[in-house]
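Student: Quick one: structure below, then a few questions.
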Amino acid sequence: MGWFFYNYYRLPIFLGIVLQSPDWIRNGLQRIDVIPLYGIIVVTLLNNYLKSNKLRNLLMLLMLVGYPIFVTQVRYLTIVVLITIISMIYLKPSKSSKSVFVKILLSITLSFSIIFGLIQQIIALFNPDSLYGLSTSARIEAMNHFYNLINITGNQFDGLGYLLSWNGNAAQLLTKNIWQNYYLSDLGIFGGLVVFGLLGIIVYGLLYYLGIKSVINNWNHDNVNRVMVVGMFIYMVLSCLSLNIFDMNRAMDVPFYLAIFCYTSLKSRLEH
C-alpha cells in the first residue's frame, strides 16, 4: 500500500518503510527491498494451497509473487520464486485429474518457452554486455574489489567482518567513488565468504547440510512435509547465490530455516 500510494499518488503512507533507500529507483519508481521471511512465507502459502485449494492462500501467494516483480523489481529473485513454485507443483502427488491437468499445462508452457527462446532471452538479461546487464557488471566489479581487499589484508581465513557503513574504517573499504558504494548484500555466498572468510564454508555448509538431511528424510518417507521442505531448500539455495542470507534483511530467515529443517527431519525419522 505504501509503495503504491507513494509512487502513483505521492501520498506519504508508511513513508519510513517506503523510503528505506531513498535513491533506490528503477523505471521511475521507488523500490522497497524484499521483506524478511519472504521465501519462507511464499513456500508455506503454496504448500497450504496445494493441500487445501483455498482461494485465500492463492490470492496471498499471487500478491507475494508480484512483490519482487513490481515493488522490488529484482529479476533474479523473481526467477527463483518461479522455479520454486514450479518445482513444488511437480512434486505434489497427482491424486486428481485437476492436478494432472495443471502439470500437463505447465509442461506444455515450459516446452514452448524453450522452443521459442524465452529461456535464452531471460538468461541474456544477465549478460554484462546486454542492455540490462549493468547490475551484473556492478556485481562482478564488486567481487573483484573485495577479492583484492582480502588478498591485500591477508584475511582469507577470518574474512573482513561485517563491513557496516557507520564504521569509519569499513566505510572506506565500501566506497567506490564519491557517488557510489559497493554492497555485500548483492553478492550472495561470495559476500558471506568476504564477511566470514574460509569459516563461511562451515557457516553455509552447516545450513545446507541440515537442509539436505531434511530433504532426504522427508523424500524417502513420502512425508506430507516433503513438498514444503524441498521447496524451501530450493528457494534458500538459489536465493543465496545472489542475495546474502546473513545480511540485515535476510538474517531473520536463518533461525526459521534451521528450525524447520531440524524439526521436519526429526519428525520424519520418528514417524518411520
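Residues in the C-alpha cells are numbered from 1 in each chain, the chains being A, B, ... in the order shown, and ligands are numbered from 1 in the order shown.
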If we count only C-alpha atoms, what is near range 171-184 of chain A at a cut-off of 9 Å, once residues fewer than 5 positions away on the same chain are taken out, given as a list of chain:residue names?

Tutor: A:Ala138, A:Arg139, A:Glu141, A:Ala142, A:Met143, A:His145, A:Phe146, A:Leu149, A:Leu163, A:Leu164, A:Ser165, A:Trp166, A:Phe190, A:Gly191, A:Gly192, A:Val194, A:Val195, A:Leu243, A:Asn244, A:Asp247

Student: Using C-alpha atoms, can you write the selected residues to a file as a JSON list (two decimals), in the first residue's frame?

Tutor:
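Output (again_31.json):
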```
[["chain", "number", "residue", "atom", "x", "y", "z"],
["A", 138, "ALA", "CA", 28.39, -3.98, -10.97],
["A", 139, "ARG", "CA", 28.38, -7.31, -9.09],
["A", 141, "GLU", "CA", 33.26, -5.32, -10.25],
["A", 142, "ALA", "CA", 32.33, -5.57, -6.55],
["A", 143, "MET", "CA", 33.53, -9.20, -6.37],
["A", 145, "HIS", "CA", 37.13, -5.31, -5.39],
["A", 146, "PHE", "CA", 36.52, -7.46, -2.28],
["A", 149, "LEU", "CA", 40.92, -6.45, -0.47],
["A", 163, "LEU", "CA", 31.55, -4.03, 6.81],
["A", 164, "LEU", "CA", 28.98, -1.64, 8.26],
["A", 165, "SER", "CA", 28.67, 1.79, 6.67],
["A", 166, "TRP", "CA", 28.63, 3.57, 10.07],
["A", 190, "PHE", "CA", 30.59, -14.69, -2.08],
["A", 191, "GLY", "CA", 29.54, -11.82, 0.19],
["A", 192, "GLY", "CA", 29.28, -14.28, 3.07],
["A", 194, "VAL", "CA", 34.03, -11.92, 2.39],
["A", 195, "VAL", "CA", 32.50, -11.45, 5.85],
["A", 243, "LEU", "CA", 21.41, -12.44, -2.06],
["A", 244, "ASN", "CA", 23.48, -12.80, 1.10],
["A", 247, "ASP", "CA", 22.60, -9.57, 5.62]]
```

Student: Fewer than 2 positions away in the same chain doesn't count, so skip those; otherwise give me all residues within 12 Å of Ile25 in chain A, counting only C-alpha atoms, as a compact mmCIF listing (two decimals) with C-alpha atoms, in the first residue's frame.

Tutor:
```
# COMPACT_ATOMS: atom_id res chain seq x y z
CA TRP A 3 4.67 1.66 -2.28
CA ASN A 7 4.71 6.07 -6.42
CA VAL A 18 8.92 3.04 1.55
CA LEU A 19 11.97 5.35 1.72
CA GLN A 20 14.34 2.97 3.48
CA SER A 21 16.65 3.56 0.47
CA PRO A 22 15.54 6.97 -0.94
CA ASP A 23 17.65 6.81 -4.10
CA ASN A 27 11.84 2.65 -14.12
CA GLY A 28 10.94 5.86 -12.33
CA LEU A 29 9.55 4.05 -9.28
CA GLN A 30 10.82 3.96 -5.70
CA ARG A 31 11.77 0.37 -4.80
CA ILE A 32 11.47 -1.47 -1.48
CA ASP A 33 13.69 -4.40 -0.57
CA PHE A 70 6.70 -4.68 -9.25
CA VAL A 71 7.84 -3.43 -5.82
CA THR A 72 11.46 -4.60 -5.59
CA GLN A 73 11.93 -5.07 -9.37
CA VAL A 74 14.53 -7.81 -8.93
```

Student: What is the CA of Leu134 in chain A-CA of Asn249 in chain A distance in Å, reported with one decimal?

Tutor: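 CA of Asn249 in chain A lies 23.2 Å from CA of Leu134 in chain A.
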
Student: What is the distance, in Å and to one decimal place, between CA of Pro255 in chain A and CA of Gly197 in chain A?

Tutor: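 So the answer is 21.3 Å.
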
Student: So, with only C-alpha atoms as the atoms that count, which of A:Val203, A:Ile115, A:Asp253, A:Arg226 lies closest to Pro93 in chain A?

Tutor: A:Arg226

Student: Give me the residues within 9 Å of Leu210 in chain A as an MDAnalysis selection string, counting only C-alpha atoms and dropping any in the same chain fewer than 2 places off.

Tutor: chainID A and resid 205:208 212:215 258 261:262 265

Student: Kindly save the residues from that selection, with N, CA, C and O atoms included, as a JSON list (two decimals), in the first residue's frame.

Tutor:
```
[["chain", "number", "residue", "atom", "x", "y", "z"],
["A", 205, "GLY", "N", 27.89, -24.30, 4.97],
["A", 205, "GLY", "CA", 27.86, -25.77, 4.85],
["A", 205, "GLY", "C", 26.93, -26.42, 5.85],
["A", 205, "GLY", "O", 26.20, -27.37, 5.51],
["A", 206, "LEU", "N", 26.91, -25.92, 7.09],
["A", 206, "LEU", "CA", 26.03, -26.49, 8.11],
["A", 206, "LEU", "C", 24.57, -26.26, 7.75],
["A", 206, "LEU", "O", 23.74, -27.17, 7.89],
["A", 207, "LEU", "N", 24.26, -25.07, 7.26],
["A", 207, "LEU", "CA", 22.89, -24.75, 6.87],
["A", 207, "LEU", "C", 22.44, -25.64, 5.72],
["A", 207, "LEU", "O", 21.33, -26.19, 5.73],
["A", 208, "TYR", "N", 23.32, -25.83, 4.73],
["A", 208, "TYR", "CA", 22.98, -26.68, 3.59],
["A", 208, "TYR", "C", 22.89, -28.15, 4.00],
["A", 208, "TYR", "O", 22.03, -28.89, 3.52],
["A", 212, "ILE", "N", 19.72, -30.51, 3.33],
["A", 212, "ILE", "CA", 19.81, -31.75, 2.55],
["A", 212, "ILE", "C", 19.34, -32.95, 3.37],
["A", 212, "ILE", "O", 18.62, -33.83, 2.89],
["A", 213, "LYS", "N", 19.72, -32.97, 4.64],
["A", 213, "LYS", "CA", 19.32, -34.06, 5.53],
["A", 213, "LYS", "C", 17.80, -34.12, 5.67],
["A", 213, "LYS", "O", 17.20, -35.21, 5.62],
["A", 214, "SER", "N", 17.17, -32.97, 5.81],
["A", 214, "SER", "CA", 15.71, -32.92, 5.94],
["A", 214, "SER", "C", 15.04, -33.35, 4.64],
["A", 214, "SER", "O", 14.04, -34.09, 4.65],
["A", 215, "VAL", "N", 15.58, -32.90, 3.50],
["A", 215, "VAL", "CA", 15.03, -33.29, 2.21],
["A", 215, "VAL", "C", 15.09, -34.80, 2.02],
["A", 215, "VAL", "O", 14.12, -35.44, 1.61],
["A", 258, "LEU", "N", 16.65, -23.18, 10.07],
["A", 258, "LEU", "CA", 17.22, -24.18, 10.97],
["A", 258, "LEU", "C", 16.12, -24.94, 11.71],
["A", 258, "LEU", "O", 16.15, -26.17, 11.80],
["A", 261, "PHE", "N", 14.03, -27.19, 9.14],
["A", 261, "PHE", "CA", 14.78, -28.35, 8.65],
["A", 261, "PHE", "C", 15.01, -29.37, 9.76],
["A", 261, "PHE", "O", 14.83, -30.58, 9.55],
["A", 262, "CYS", "N", 15.40, -28.90, 10.94],
["A", 262, "CYS", "CA", 15.67, -29.82, 12.04],
["A", 262, "CYS", "C", 14.38, -30.52, 12.51],
["A", 262, "CYS", "O", 14.37, -31.73, 12.75],
["A", 265, "SER", "N", 13.03, -32.99, 9.79],
["A", 265, "SER", "CA", 13.93, -34.15, 9.65],
["A", 265, "SER", "C", 13.72, -35.13, 10.80],
["A", 265, "SER", "O", 13.57, -36.34, 10.59]]
```

Student: How many Å separate CA of Met1 in chain A from CA of Ile83 in chain A?

Tutor: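 Going from CA of Met1 in chain A over to CA of Ile83 in chain A covers 26.9 Å.
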
Student: For a quick check of understanding, using only C-alpha atoms, which of A:Pro12, A:Ile202, A:Met88, A:Gly188 has the smallest distance to Leu45 in chain A?

Tutor: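 Between A:Pro12, A:Ile202, A:Met88, A:Gly188, the residue approaching Leu45 in chain A most closely is A:Met88.
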
Student: Rank A:Val43, A:Ile114, A:Met232, A:Leu198 by their smallest atom-to-atom distance to Gly154 in chain A, using only C-alpha atoms, and report the top residue only.

Tutor: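 Closest residue, counting only C-alpha atoms: A:Leu198.
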
Student: From the options A:Ile123, A:Leu46, A:Leu187, A:Val34, which residue's atoms come nearest to Leu241 in chain A, counting only C-alpha atoms?

Tutor: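 Of A:Ile123, A:Leu46, A:Leu187, A:Val34, the one nearest Leu241 in chain A, counting only C-alpha atoms, is A:Leu187.
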
Student: Go through A:Leu15, A:Leu50, A:Ile140, A:Leu193 and flag the residue nearest Tyr162 in chain A, using only C-alpha atoms for the distances.

Tutor: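 Going through A:Leu15, A:Leu50, A:Ile140, A:Leu193 one by one, the smallest distance to Tyr162 in chain A is for A:Leu193.
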
Student: Fewer than 3 positions away in the same chain doesn't count, so skip those; otherwise give me all residues within 8 Å of Val227 in chain A, counting only C-alpha atoms, as an MDAnalysis selection string.

Tutor: chainID A and resid 47 88 91:92 224 230:231

Student: The selected residues should be written to file as a short mmCIF file (atom, residue, chain, number, x, y, z; two decimals), in the first residue's frame (atoms: N, CA and C atoms).

Tutor:
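Heads up, here's the output in selection_22.cif:
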```cif
data_model
loop_
_atom_site.label_atom_id
_atom_site.label_comp_id
_atom_site.auth_asym_id
_atom_site.auth_seq_id
_atom_site.Cartn_x
_atom_site.Cartn_y
_atom_site.Cartn_z
N ASN A 47 2.37 -24.33 -0.27
CA ASN A 47 2.16 -25.66 0.31
C ASN A 47 0.75 -25.78 0.88
N MET A 88 7.60 -27.21 -6.76
CA MET A 88 6.64 -27.70 -5.76
C MET A 88 5.38 -28.27 -6.42
N LEU A 91 6.24 -31.68 -7.67
CA LEU A 91 6.48 -32.64 -6.59
C LEU A 91 5.20 -33.10 -5.91
N LYS A 92 4.14 -32.30 -6.01
CA LYS A 92 2.88 -32.67 -5.36
C LYS A 92 2.32 -33.94 -6.01
N VAL A 224 4.21 -35.85 4.34
CA VAL A 224 3.36 -34.73 3.92
C VAL A 224 4.15 -33.42 3.84
N VAL A 230 11.33 -29.47 0.38
CA VAL A 230 12.10 -29.37 -0.86
C VAL A 230 11.99 -27.97 -1.45
N GLY A 231 10.78 -27.40 -1.45
CA GLY A 231 10.58 -26.05 -1.96
C GLY A 231 11.39 -25.03 -1.19
#
```

Student: Name the residues in contact with Asn57 in chain A at a cut-off of 12 Å, using only C-alpha atoms, excluding same-chain residues fewer than 2 positions from it; report them as a list in words.

Tutor: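 Counting only C-alpha atoms, the residues come to Ile41, Val42, Val43, Thr44, Leu45, Leu46, Asn47, Asn48, Tyr49, Leu50, Lys51, Ser52, Asn53, Lys54, Leu55, Leu59, Met60, Leu61, Leu62, Met63 and Leu64 of chain A.
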
Student: Mind checking DSSP for range 14-248 of chain A and telling me the helix (DSSP H, G or I) residues as a ChimeraX atom specification?

Tutor: /A:15-18,38-52,55-71,75-91,97-115,118-124,134-153,168-174,188-196,199-220,226-240
